[in-house]
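Peer 1: Below: one structure in structure tokens.
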Amino acid sequence: MEFQAKPPVEAGKFERASFTGNASEYFGIWIVNVLLTIITLGIYSAWAKVRRKRYFNGNTVILGRAFEYHATGKQIFIGRVIVFAFLIVVNLLTAINPLFSAVTTVLILVALPWLIMRGLRFNARVTSYRNVRFDFVGSAGGAFVAIMLGSIVAFISLGILAPLASRWSWRYVFNNLRYGDRAFSTDPSLGSLYRVWILPALMFLFGAFVSTAIIISIAVASGALSGGDGVSSEETIGRFAFAAFPAVVLAFLLYGLAGLFYRAGVRNVAWSAAKLDGRHELLSDLSRWRFAWIAISNVIVTIFTLGLMRPWAAVRLARYVNEHTGIRIHGDPGQVMSSIEATGAAISAEYMDMEGFDFGF
Amino acid sequence: MASDPAVIARGEWHPANSSHATPSVLRAENGRLVAEGEGTVLAMAVPERVEISPRVGSIPRRLTFPDGSVLETRDNDAIDAYLRTQRGARSGFVHRLEQFHPRLIAITIAVIVLAASIYRFALPALVEVAILVTPPFVPEMIGSGTLASLDKTVLKPTELPEAERQAISEGFEKLAAHSEGGKQAYTLNFRDGGVIGPNALALPDGNLILTDDLVKLAAGDREMILGVLGHEIAHVEGEHSLRQLYRVAGVAALVMLIAGDVGSGVEDILTQGGALVALSYSRSAEAEADRRSVEFMNAAGYDPAALARFFALLEEKLGDHGDTSMLSSHPGTPQRQQDIRKYSQELKSRSGAR
């Protein structure tokens, strides 16, 4: 726990991050956040977010040091008030003339890349490590191509080009990320992205195949049954709905699982291809099965305890992800890390910024 | 560290905007806070000008000096003790609530009670407010959009004879004339239902869809069809689908706002699963629509209990003898038939007494 007791780092070895928080400590923070948010009719939620983020950043430890989250409740609250006021104005205008809804929809779509960029920048700038803040220098145009165009390409190609979209978005995020005066960079190869895409894609196909096969066979069977007597298919419709239900559930589960597999696989590829300052390599080695199991069991436990086990679930996932994330410093970590200085716009702690769109950076 | 009474805590000191760290101690000297490392004073200020980050769990504390330099320490308890001597017992109130303590049980119970009452009282009130401020073009957009997409996917043009449709439409207009919007508020559309089979749907803009299969199922019992249509008119009149939509959206929004981060899995279920739930009516909406159907049928001079015959037929065809179950949003059909017959008796005796 002491800062002085730095772990000795051999050159050429990955240093893994850890999560030092625990569920009972976070439960207290979370339940008080919920209580105060309700009592203040939602206003406290901005301050609650700060406490939550500070807890998770402050317990994310690498090379013996923790991260810190610097946004203030007031900052986040003002951002939310602006968004809320904007929505009210839009609703009032559309009540006066429905044409406004078309105008504002276009406006929001145009502004979306800008909001994504601002959200990434805000989150980077309010995060620090060893007293030096992160920064994000991506442009709105970059966000448009990497995030929006990428999603459209992945969607239109029915997921076949999803690795391409993932490559764009991870390159956008990492290549524009700065830690003090040092830059991050990544260039995940399409080949390795497609290698982690195959299994989820097969699962997706399998899910689609099984559910359509079940539905078609039931539909054919019910058609044959009701065709003869010409009365009605009400009875068979009932059976149809009853039998189709497990198929829908199966498909839903398979798609969810495929999504988790893909997310973990792409994270591994993108992080493991990333470097800080062109030399210090990052690492992510999540096991896709383990990650999916943790995510799915977390959801089940959270729902069956009406949310009360959510703190446990959040800590569990954070611990797993942190422990499978690391960095390999070239040179003496103490010297390398203490030579980094803050620069640029992120330097002023007093700057006012709006949170924009929380992109889950 | 108790060897030197003036030492408050130990940690590391960073110059402003630098990651360079120096082992350092925090002292109180002549009413000032001093960060001292390797025998030299690194930073110094009166306590009021030193910004101390609030405690969250046991993450490191930051003491920011006016020159921008920072002393970071994990000695949270020592900082808390120091703050108590400076600012009194009020400091760190939120953190004290959060500590793992039997008091948390009381807080948890309070949260459960408050959440239940929000669901019971605040949510319905919010839904009513949302209905009030919804401009009329919203249900129109939803309705015409849904009809167009249904026509493209599952529905086909009707194959019912013209005379049959005429007769049903006439009865339908008589029913609709007794609703709040009058008959011009509703349009009856005949369609071949395809996979949705015998069914009647109400869209929020007043468009009703009646499938050929349902007309065939009625086997000439036109009053029964009208009873079903009366039920659907009531869904539009009561804005049930909009209410259900707002209800589901409200639950999702409240859960996300109050619980903060619920995890992406739960978020997906709230938004996507919620969309599925929004397609069905709640149990109270169904009961209300049944009662309105009885009223419309009675006012138009038809058998008010005709809808009960439809449920009896469904029961016969589907084997639905189940009593009201907690899992289903629909009251069991035997219960509904009974309620419909009872209410129509009531209406008949009332009009008979007049």
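The chains in the structure tokens are called A, B, ... from first to last as shown; in each chain the residues are counted from 1, and the ligands are counted from 1 in the order shown.
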Determine, counting only C-alpha atoms, which protein, DNA and RNA residues have an atom within 9 Å of an atom of Ile59 (chain B); residues of the same chain fewer than 6 positions away are not included. Present the result as a list in words.
Peer 2: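 Surrounding residues, per the criterion: Thr20, Gly21, Arg54, Tyr55, Phe56, Asn57, Gly58, Asn59, Ala66 and Glu68 of chain A; Thr73, Arg74 and Asn76 of chain B.
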Peer 1: Run DSSP on the backbone and tell me which residues of region 79-303 of chain B come out as strand (DSSP E or B); list them as a list in words.
Peer 2: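 Secondary structure check on region 79-303 of chain B, strand (DSSP E or B): Lys156, Pro157, Thr187, Leu188, Asn189, Phe190, Arg191, Asp192, Ala200, Leu201, Ala202, Asn207, Leu208, Ile209, Leu210 and Thr211 of chain B.
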Peer 1: Under the rule that only C-alpha atoms are counted, which of A:Lys74, A:Lys275, A:Arg118, A:Arg310 is the nearest residue to chain B?
Peer 2: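 That would be A:Arg310, the residue with the smallest distance to chain B.
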Peer 1: Counting only C-alpha atoms, what are the residues of chain B within 8 Å of chain A, and for each of them which pair of atoms is the nearest and at what distance in Å, to one decimal? Sort the table by chain and rising number, as JSON lines.
Peer 2:
```
{"residue": "B:Gly11", "atom": "CA", "partner": "A:Phe3", "partner_atom": "CA", "distance": 7.0}
{"residue": "B:Glu12", "atom": "CA", "partner": "A:Phe3", "partner_atom": "CA", "distance": 7.3}
{"residue": "B:His14", "atom": "CA", "partner": "A:Asn131", "partner_atom": "CA", "distance": 6.7}
{"residue": "B:Ala16", "atom": "CA", "partner": "A:Asn131", "partner_atom": "CA", "distance": 7.9}
{"residue": "B:Asn17", "atom": "CA", "partner": "A:Ala342", "partner_atom": "CA", "distance": 5.1}
{"residue": "B:Ser18", "atom": "CA", "partner": "A:Glu341", "partner_atom": "CA", "distance": 4.8}
{"residue": "B:Ser19", "atom": "CA", "partner": "A:Ser338", "partner_atom": "CA", "distance": 4.7}
{"residue": "B:His20", "atom": "CA", "partner": "A:Ser338", "partner_atom": "CA", "distance": 4.1}
{"residue": "B:Ala21", "atom": "CA", "partner": "A:Ser338", "partner_atom": "CA", "distance": 6.8}
{"residue": "B:Pro23", "atom": "CA", "partner": "A:Gln4", "partner_atom": "CA", "distance": 7.2}
{"residue": "B:Val56", "atom": "CA", "partner": "A:Tyr55", "partner_atom": "CA", "distance": 6.0}
{"residue": "B:Gly57", "atom": "CA", "partner": "A:Glu25", "partner_atom": "CA", "distance": 6.3}
{"residue": "B:Ser58", "atom": "CA", "partner": "A:Gly21", "partner_atom": "CA", "distance": 7.9}
{"residue": "B:Ile59", "atom": "CA", "partner": "A:Gly58", "partner_atom": "CA", "distance": 4.9}
{"residue": "B:Pro60", "atom": "CA", "partner": "A:Gly58", "partner_atom": "CA", "distance": 6.7}
{"residue": "B:Val70", "atom": "CA", "partner": "A:Asn131", "partner_atom": "CA", "distance": 7.5}
{"residue": "B:Arg74", "atom": "CA", "partner": "A:Glu2", "partner_atom": "CA", "distance": 7.5}
{"residue": "B:Val94", "atom": "CA", "partner": "A:Val32", "partner_atom": "CA", "distance": 7.8}
{"residue": "B:His95", "atom": "CA", "partner": "A:Ile29", "partner_atom": "CA", "distance": 7.7}
{"residue": "B:Leu97", "atom": "CA", "partner": "A:Val32", "partner_atom": "CA", "distance": 6.9}
{"residue": "B:Glu98", "atom": "CA", "partner": "A:Gly28", "partner_atom": "CA", "distance": 4.2}
{"residue": "B:Gln99", "atom": "CA", "partner": "A:Gly28", "partner_atom": "CA", "distance": 5.7}
{"residue": "B:Phe100", "atom": "CA", "partner": "A:Gly28", "partner_atom": "CA", "distance": 6.1}
{"residue": "B:Leu104", "atom": "CA", "partner": "A:Gly28", "partner_atom": "CA", "distance": 6.8}
{"residue": "B:Ile107", "atom": "CA", "partner": "A:Leu35", "partner_atom": "CA", "distance": 7.2}
{"residue": "B:Thr108", "atom": "CA", "partner": "A:Ile31", "partner_atom": "CA", "distance": 6.6}
{"residue": "B:Ala110", "atom": "CA", "partner": "A:Leu35", "partner_atom": "CA", "distance": 7.6}
{"residue": "B:Val111", "atom": "CA", "partner": "A:Leu35", "partner_atom": "CA", "distance": 5.6}
{"residue": "B:Leu114", "atom": "CA", "partner": "A:Ile38", "partner_atom": "CA", "distance": 7.5}
{"residue": "B:Thr134", "atom": "CA", "partner": "A:Ala95", "partner_atom": "CA", "distance": 7.7}
{"residue": "B:Pro135", "atom": "CA", "partner": "A:Ala95", "partner_atom": "CA", "distance": 5.3}
{"residue": "B:Phe137", "atom": "CA", "partner": "A:Pro98", "partner_atom": "CA", "distance": 7.3}
{"residue": "B:Ile196", "atom": "CA", "partner": "A:Ile237", "partner_atom": "CA", "distance": 7.8}
{"residue": "B:Gly197", "atom": "CA", "partner": "A:Ser233", "partner_atom": "CA", "distance": 6.7}
{"residue": "B:Pro198", "atom": "CA", "partner": "A:Glu234", "partner_atom": "CA", "distance": 6.6}
{"residue": "B:Asp213", "atom": "CA", "partner": "A:Ser232", "partner_atom": "CA", "distance": 6.9}
{"residue": "B:Lys216", "atom": "CA", "partner": "A:Ser232", "partner_atom": "CA", "distance": 7.5}
{"residue": "B:Leu217", "atom": "CA", "partner": "A:Ser232", "partner_atom": "CA", "distance": 6.1}
{"residue": "B:Leu257", "atom": "CA", "partner": "A:Ser45", "partner_atom": "CA", "distance": 6.9}
{"residue": "B:Ile258", "atom": "CA", "partner": "A:Val34", "partner_atom": "CA", "distance": 5.6}
{"residue": "B:Ala259", "atom": "CA", "partner": "A:Val34", "partner_atom": "CA", "distance": 5.8}
{"residue": "B:Gly260", "atom": "CA", "partner": "A:Lys49", "partner_atom": "CA", "distance": 6.8}
{"residue": "B:Val262", "atom": "CA", "partner": "A:Arg310", "partner_atom": "CA", "distance": 6.9}
{"residue": "B:Gly263", "atom": "CA", "partner": "A:Ala314", "partner_atom": "CA", "distance": 7.3}
{"residue": "B:Gly265", "atom": "CA", "partner": "A:Val299", "partner_atom": "CA", "distance": 5.9}
{"residue": "B:Val266", "atom": "CA", "partner": "A:Val299", "partner_atom": "CA", "distance": 5.9}
{"residue": "B:Leu314", "atom": "CA", "partner": "A:Glu234", "partner_atom": "CA", "distance": 7.8}
{"residue": "B:Lys317", "atom": "CA", "partner": "A:Glu235", "partner_atom": "CA", "distance": 5.4}
{"residue": "B:Leu318", "atom": "CA", "partner": "A:Glu235", "partner_atom": "CA", "distance": 4.9}
```
Peer 1: Check the smallest atom-to-atom distance from each of A:Arg178, A:Phe100, A:Trp168, A:Ile78 to Arg121 (chain A) using only C-alpha atoms, then report the winner.
Peer 2: A:Arg178
Peer 1: Please report the interatomic distance between CA of Arg10 (chain B) and CA of Arg87 (chain B) in Å with one decimal.
Peer 2: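 Between CA of Arg10 (chain B) and CA of Arg87 (chain B) the gap works out to 20.8 Å.
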Peer 1: Which neighbours of Glu232 (chain B) fall inside 12 Å, counting only C-alpha atoms, when residues of the same chain fewer than 3 positions from it are skipped, and could you give them as a VMD selection string?
Peer 2: chain B and resid 172 175 to 176 179 186 to 188 199 to 204 206 to 210 225 to 229 235 to 241 281 285 to 294 296 307
Peer 1: How would you write, as a PyMOL selection string, the set of residues in region 103-348 of chain A that DSSP gives as alpha helix (DSSP H)?
Peer 2: chain A and resi 103-125+140-143+150-156+162-175+190-229+234-272+288-304+310-323+333-338
Peer 1: Report, in Å to a single decimal, how far apart CA of Val133 (chain B) and CA of Phe121 (chain B) are.
Peer 2: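 So the answer is 19.1 Å.
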Peer 1: Separation of CA of Ala299 (chain B) and CA of Ser169 (chain B), in Å?
Peer 2: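 Atom-to-atom, CA of Ala299 (chain B) to CA of Ser169 (chain B), that is 16.8 Å.
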